[in-house]
Amino acid sequence: MKQPRTHRYHFLSRWTVDAPADAVYDAIYEVVAYPSWWPEVKEARKLDEDHLWMRTRSVLPYDLAFELERTTADRRGGILEARLTGDLEGVIRWTITAATDGCLITFDEDVITTKAALNRLAPIVRPAYAANHTLMMAHGQAGLRTFLAGYALAKRSSVPD
């Protein structure tokens, strides 16, 4: 059955961070650590090597819980991709590109919502859902920058003089 347009969301976010591509890849790969640096990721659990579970909540009063199945983990190409099932169904893709002053990170999400209450309200509050996502992504970028700055500092401090 084809989903109504109001149930489908496509988001494209671009982040910049002052960190090497390998450190960025490692941080994004480790989904279970997201709650330590991304405020809206409330829980993340590893089910097995390629399956993870996550619960998110931003400003609006609803949680989204979903399973992620890793479909691509290409360190050399800087690509991480997962299929989502649960309250969100679809695909997310992280692309990490080295730049002269750190990395450009592109997050591409193409999903449908399956949560009945959200879908009933979508025709009216769809702009609020998009704003909620934008805020969540801004917090994610800020959190990742802080996390990676601490990682870099810790790495420098652990090297003997």
# chains A, B, ... in the order shown; residues from 1 in each chain; ligands from 1
call {"tool": "select_by_dssp", "arguments": {"residues": "chain A", "states": "strand (DSSP E)", "output": "PDB file with C-alpha atoms, in the first residue's frame"}}
result
ATOM      1  CA  ARG A   8       7.111  10.380   3.992  1.00  0.00           C
ATOM      2  CA  TYR A   9      10.034  12.539   5.030  1.00  0.00           C
ATOM      3  CA  HIS A  10      13.263  13.271   3.258  1.00  0.00           C
ATOM      4  CA  PHE A  11      15.846  15.240   5.218  1.00  0.00           C
ATOM      5  CA  LEU A  12      19.294  16.280   4.082  1.00  0.00           C
ATOM      6  CA  SER A  13      21.633  17.768   6.686  1.00  0.00           C
ATOM      7  CA  ARG A  14      25.222  18.886   6.320  1.00  0.00           C
ATOM      8  CA  TRP A  15      27.582  19.193   9.247  1.00  0.00           C
ATOM      9  CA  THR A  16      31.156  20.378   9.432  1.00  0.00           C
ATOM     10  CA  VAL A  17      33.564  19.242  12.117  1.00  0.00           C
ATOM     11  CA  VAL A  41      19.216  10.089  21.305  1.00  0.00           C
ATOM     12  CA  LYS A  42      17.858   8.776  24.584  1.00  0.00           C
ATOM     13  CA  GLU A  43      18.841   5.116  24.199  1.00  0.00           C
ATOM     14  CA  ALA A  44      20.905   3.039  21.807  1.00  0.00           C
ATOM     15  CA  ARG A  45      21.607  -0.670  22.088  1.00  0.00           C
ATOM     16  CA  LYS A  46      23.558  -3.140  20.017  1.00  0.00           C
ATOM     17  CA  LEU A  47      21.476  -6.186  19.136  1.00  0.00           C
ATOM     18  CA  ASP A  48      24.269  -7.841  17.146  1.00  0.00           C
ATOM     19  CA  HIS A  51      21.578  -4.581  14.142  1.00  0.00           C
ATOM     20  CA  LEU A  52      21.041  -1.797  16.632  1.00  0.00           C
ATOM     21  CA  TRP A  53      18.055  -0.286  18.401  1.00  0.00           C
ATOM     22  CA  MET A  54      17.534   3.400  19.133  1.00  0.00           C
ATOM     23  CA  ARG A  55      15.005   5.622  20.875  1.00  0.00           C
ATOM     24  CA  THR A  56      14.952   9.349  20.130  1.00  0.00           C
ATOM     25  CA  LEU A  64      10.557   7.361  18.000  1.00  0.00           C
ATOM     26  CA  ALA A  65      11.916   3.841  18.484  1.00  0.00           C
ATOM     27  CA  PHE A  66      13.412   1.896  15.626  1.00  0.00           C
ATOM     28  CA  GLU A  67      15.886  -0.778  14.675  1.00  0.00           C
ATOM     29  CA  LEU A  68      18.833   0.020  12.430  1.00  0.00           C
ATOM     30  CA  GLU A  69      20.266  -2.656  10.173  1.00  0.00           C
ATOM     31  CA  ARG A  70      23.676  -1.681   8.833  1.00  0.00           C
ATOM     32  CA  THR A  71      23.735  -2.181   5.097  1.00  0.00           C
ATOM     33  CA  THR A  72      26.961  -0.327   4.270  1.00  0.00           C
ATOM     34  CA  ALA A  73      30.005   0.333   6.429  1.00  0.00           C
ATOM     35  CA  ASP A  74      32.704   1.608   4.084  1.00  0.00           C
ATOM     36  CA  ILE A  79      29.869   5.859   3.920  1.00  0.00           C
ATOM     37  CA  LEU A  80      27.616   4.413   6.589  1.00  0.00           C
ATOM     38  CA  GLU A  81      24.127   3.360   5.650  1.00  0.00           C
ATOM     39  CA  ALA A  82      21.326   1.621   7.525  1.00  0.00           C
ATOM     40  CA  ARG A  83      17.818   0.414   6.894  1.00  0.00           C
ATOM     41  CA  LEU A  84      15.323   1.455   9.592  1.00  0.00           C
ATOM     42  CA  THR A  85      12.278  -0.454  10.822  1.00  0.00           C
ATOM     43  CA  GLY A  86       9.881   0.488  13.592  1.00  0.00           C
ATOM     44  CA  LEU A  88      10.546   5.025  11.185  1.00  0.00           C
ATOM     45  CA  GLU A  89      10.984   2.862   8.103  1.00  0.00           C
ATOM     46  CA  GLY A  90      13.385   3.642   5.325  1.00  0.00           C
ATOM     47  CA  VAL A  91      17.055   4.430   4.867  1.00  0.00           C
ATOM     48  CA  ILE A  92      19.626   6.731   6.439  1.00  0.00           C
ATOM     49  CA  ARG A  93      23.044   7.430   4.982  1.00  0.00           C
ATOM     50  CA  TRP A  94      26.041   9.226   6.436  1.00  0.00           C
ATOM     51  CA  THR A  95      28.723  10.390   3.991  1.00  0.00           C
ATOM     52  CA  ILE A  96      31.989  11.667   5.457  1.00  0.00           C
ATOM     53  CA  THR A  97      34.212  13.739   3.192  1.00  0.00           C
ATOM     54  CA  ALA A  98      37.643  14.971   4.258  1.00  0.00           C
ATOM     55  CA  ALA A  99      38.207  18.695   3.771  1.00  0.00           C
ATOM     56  CA  GLY A 102      38.220  18.872   8.956  1.00  0.00           C
ATOM     57  CA  CYS A 103      35.263  17.006   7.488  1.00  0.00           C
ATOM     58  CA  LEU A 104      31.977  17.584   5.794  1.00  0.00           C
ATOM     59  CA  ILE A 105      29.328  15.143   6.960  1.00  0.00           C
ATOM     60  CA  THR A 106      26.149  14.653   4.980  1.00  0.00           C
ATOM     61  CA  PHE A 107      23.180  12.939   6.602  1.00  0.00           C
ATOM     62  CA  ASP A 108      20.508  11.799   4.164  1.00  0.00           C
ATOM     63  CA  GLU A 109      17.299  10.345   5.570  1.00  0.00           C
ATOM     64  CA  ASP A 110      14.394   9.015   3.519  1.00  0.00           C
ATOM     65  CA  VAL A 111      11.741   7.504   5.793  1.00  0.00           C
ATOM     66  CA  ILE A 112       8.081   7.043   6.435  1.00  0.00           C
ATOM     67  CA  THR A 113       6.529   7.282   9.874  1.00  0.00           C
TER      68      THR A 113
END
call {"tool": "residues_around", "arguments": {"residues": "Ala23 in chain A", "least_positions_apart": "4", "cutoff": "8 Å", "atoms": "only C-alpha atoms", "output": "PDB file with N, CA and C atoms, in the first residue's frame"}}
result
ATOM      1  N   ALA A  19      37.841  17.675  12.567  1.00  0.00           N
ATOM      2  CA  ALA A  19      38.379  16.389  13.023  1.00  0.00           C
ATOM      3  C   ALA A  19      38.736  15.562  11.800  1.00  0.00           C
ATOM      4  N   ALA A  27      33.170   7.692  15.327  1.00  0.00           N
ATOM      5  CA  ALA A  27      32.122   8.237  16.196  1.00  0.00           C
ATOM      6  C   ALA A  27      30.734   7.933  15.643  1.00  0.00           C
ATOM      7  N   LEU A 148      34.219  15.052  19.560  1.00  0.00           N
ATOM      8  CA  LEU A 148      35.462  14.873  18.808  1.00  0.00           C
ATOM      9  C   LEU A 148      36.581  15.766  19.322  1.00  0.00           C
TER      10      LEU A 148
END
call {"tool": "select_by_dssp", "arguments": {"residues": "range 8-41 of chain A", "states": "helix (DSSP H, G or I)", "output": "count of residues only"}}
result
16
call {"tool": "residues_around", "arguments": {"residues": "His7 in chain A", "least_positions_apart": "2", "cutoff": "10 Å", "atoms": "only C-alpha atoms", "output": "count of residues only"}}
result
18
call {"tool": "closest_residue", "arguments": {"among": "A:Glu49, A:Glu40, A:Asp63, A:Asp101", "to": "Leu135 in chain A", "atoms": "only C-alpha atoms"}}
result
A:Glu40
call {"tool": "closest_residue", "arguments": {"among": "A:Leu60, A:His139, A:Val32, A:Arg145", "to": "Val125 in chain A", "atoms": "only C-alpha atoms"}}
result
A:Leu60
call {"tool": "atom_distance", "arguments": {"atom1": "CA of Arg75 in chain A", "atom2": "CA of Asp50 in chain A"}}
result
15.0 Å
call {"tool": "atom_distance", "arguments": {"atom1": "CA of Trp38 in chain A", "atom2": "CA of Gly143 in chain A"}}
result
5.4 Å
call {"tool": "decode", "arguments": {"residues": "range 116-149 of chain A", "atoms": "N, CA and C atoms", "output": "mmCIF file, in the first residue's frame"}}
result
data_model
loop_
_atom_site.group_PDB
_atom_site.id
_atom_site.type_symbol
_atom_site.label_atom_id
_atom_site.label_comp_id
_atom_site.auth_asym_id
_atom_site.auth_seq_id
_atom_site.Cartn_x
_atom_site.Cartn_y
_atom_site.Cartn_z
ATOM 1 N N ALA A 116 0.908 5.668 14.399
ATOM 2 C CA ALA A 116 -0.436 6.103 14.003
ATOM 3 C C ALA A 116 -0.749 7.534 14.458
ATOM 4 N N ALA A 117 -0.424 7.873 15.689
ATOM 5 C CA ALA A 117 -0.743 9.220 16.202
ATOM 6 C C ALA A 117 -0.020 10.293 15.399
ATOM 7 N N LEU A 118 1.236 10.070 15.070
ATOM 8 C CA LEU A 118 1.989 11.043 14.275
ATOM 9 C C LEU A 118 1.384 11.176 12.884
ATOM 10 N N ASN A 119 1.000 10.072 12.313
ATOM 11 C CA ASN A 119 0.451 10.105 10.961
ATOM 12 C C ASN A 119 -0.909 10.800 10.905
ATOM 13 N N ARG A 120 -1.697 10.631 11.958
ATOM 14 C CA ARG A 120 -2.985 11.324 11.994
ATOM 15 C C ARG A 120 -2.794 12.839 12.056
ATOM 16 N N LEU A 121 -1.766 13.296 12.782
ATOM 17 C CA LEU A 121 -1.526 14.736 12.952
ATOM 18 C C LEU A 121 -0.693 15.341 11.827
ATOM 19 N N ALA A 122 -0.028 14.518 11.047
ATOM 20 C CA ALA A 122 0.922 15.001 10.041
ATOM 21 C C ALA A 122 0.364 16.065 9.100
ATOM 22 N N PRO A 123 -0.856 15.928 8.598
ATOM 23 C CA PRO A 123 -1.329 16.964 7.670
ATOM 24 C C PRO A 123 -1.348 18.366 8.289
ATOM 25 N N ILE A 124 -1.495 18.445 9.596
ATOM 26 C CA ILE A 124 -1.570 19.736 10.285
ATOM 27 C C ILE A 124 -0.214 20.184 10.822
ATOM 28 N N VAL A 125 0.541 19.264 11.409
ATOM 29 C CA VAL A 125 1.758 19.653 12.127
ATOM 30 C C VAL A 125 3.052 19.241 11.421
ATOM 31 N N ARG A 126 2.970 18.863 10.174
ATOM 32 C CA ARG A 126 4.169 18.475 9.418
ATOM 33 C C ARG A 126 5.292 19.509 9.524
ATOM 34 N N PRO A 127 5.024 20.827 9.429
ATOM 35 C CA PRO A 127 6.116 21.805 9.595
ATOM 36 C C PRO A 127 6.777 21.730 10.979
ATOM 37 N N ALA A 128 6.008 21.412 11.999
ATOM 38 C CA ALA A 128 6.588 21.266 13.343
ATOM 39 C C ALA A 128 7.496 20.041 13.402
ATOM 40 N N TYR A 129 7.104 18.951 12.719
ATOM 41 C CA TYR A 129 7.959 17.769 12.672
ATOM 42 C C TYR A 129 9.296 18.101 12.003
ATOM 43 N N ALA A 130 9.233 18.855 10.915
ATOM 44 C CA ALA A 130 10.457 19.233 10.206
ATOM 45 C C ALA A 130 11.328 20.134 11.080
ATOM 46 N N ALA A 131 10.722 21.089 11.778
ATOM 47 C CA ALA A 131 11.487 21.969 12.677
ATOM 48 C C ALA A 131 12.107 21.167 13.815
ATOM 49 N N ASN A 132 11.375 20.192 14.328
ATOM 50 C CA ASN A 132 11.875 19.313 15.380
ATOM 51 C C ASN A 132 13.120 18.564 14.900
ATOM 52 N N HIS A 133 13.058 18.064 13.678
ATOM 53 C CA HIS A 133 14.198 17.344 13.097
ATOM 54 C C HIS A 133 15.386 18.282 12.911
ATOM 55 N N THR A 134 15.139 19.484 12.432
ATOM 56 C CA THR A 134 16.222 20.463 12.238
ATOM 57 C C THR A 134 16.919 20.764 13.556
ATOM 58 N N LEU A 135 16.152 20.954 14.615
ATOM 59 C CA LEU A 135 16.735 21.211 15.932
ATOM 60 C C LEU A 135 17.554 20.019 16.407
ATOM 61 N N MET A 136 17.013 18.834 16.230
ATOM 62 C CA MET A 136 17.732 17.620 16.630
ATOM 63 C C MET A 136 19.071 17.513 15.899
ATOM 64 N N MET A 137 19.070 17.809 14.614
ATOM 65 C CA MET A 137 20.308 17.718 13.841
ATOM 66 C C MET A 137 21.313 18.784 14.271
ATOM 67 N N ALA A 138 20.852 19.985 14.595
ATOM 68 C CA ALA A 138 21.763 21.035 15.080
ATOM 69 C C ALA A 138 22.412 20.598 16.388
ATOM 70 N N HIS A 139 21.636 20.002 17.271
ATOM 71 C CA HIS A 139 22.197 19.503 18.529
ATOM 72 C C HIS A 139 23.169 18.360 18.280
ATOM 73 N N GLY A 140 22.868 17.517 17.288
ATOM 74 C CA GLY A 140 23.781 16.426 16.947
ATOM 75 C C GLY A 140 25.120 16.943 16.459
ATOM 76 N N GLN A 141 25.084 17.949 15.602
ATOM 77 C CA GLN A 141 26.341 18.528 15.113
ATOM 78 C C GLN A 141 27.146 19.129 16.263
ATOM 79 N N ALA A 142 26.495 19.898 17.114
ATOM 80 C CA ALA A 142 27.197 20.509 18.250
ATOM 81 C C ALA A 142 27.769 19.437 19.177
ATOM 82 N N GLY A 143 26.978 18.400 19.439
ATOM 83 C CA GLY A 143 27.443 17.325 20.311
ATOM 84 C C GLY A 143 28.615 16.569 19.717
ATOM 85 N N LEU A 144 28.552 16.294 18.417
ATOM 86 C CA LEU A 144 29.655 15.579 17.771
ATOM 87 C C LEU A 144 30.919 16.426 17.782
ATOM 88 N N ARG A 145 30.784 17.714 17.525
ATOM 89 C CA ARG A 145 31.961 18.595 17.577
ATOM 90 C C ARG A 145 32.613 18.558 18.950
ATOM 91 N N THR A 146 31.810 18.636 19.998
ATOM 92 C CA THR A 146 32.338 18.608 21.364
ATOM 93 C C THR A 146 32.973 17.253 21.658
ATOM 94 N N PHE A 147 32.280 16.185 21.290
ATOM 95 C CA PHE A 147 32.784 14.834 21.509
ATOM 96 C C PHE A 147 34.134 14.640 20.819
ATOM 97 N N LEU A 148 34.219 15.052 19.560
ATOM 98 C CA LEU A 148 35.462 14.873 18.808
ATOM 99 C C LEU A 148 36.581 15.766 19.322
ATOM 100 N N ALA A 149 36.255 16.954 19.810
ATOM 101 C CA ALA A 149 37.285 17.824 20.400
ATOM 102 C C ALA A 149 37.858 17.168 21.644
#
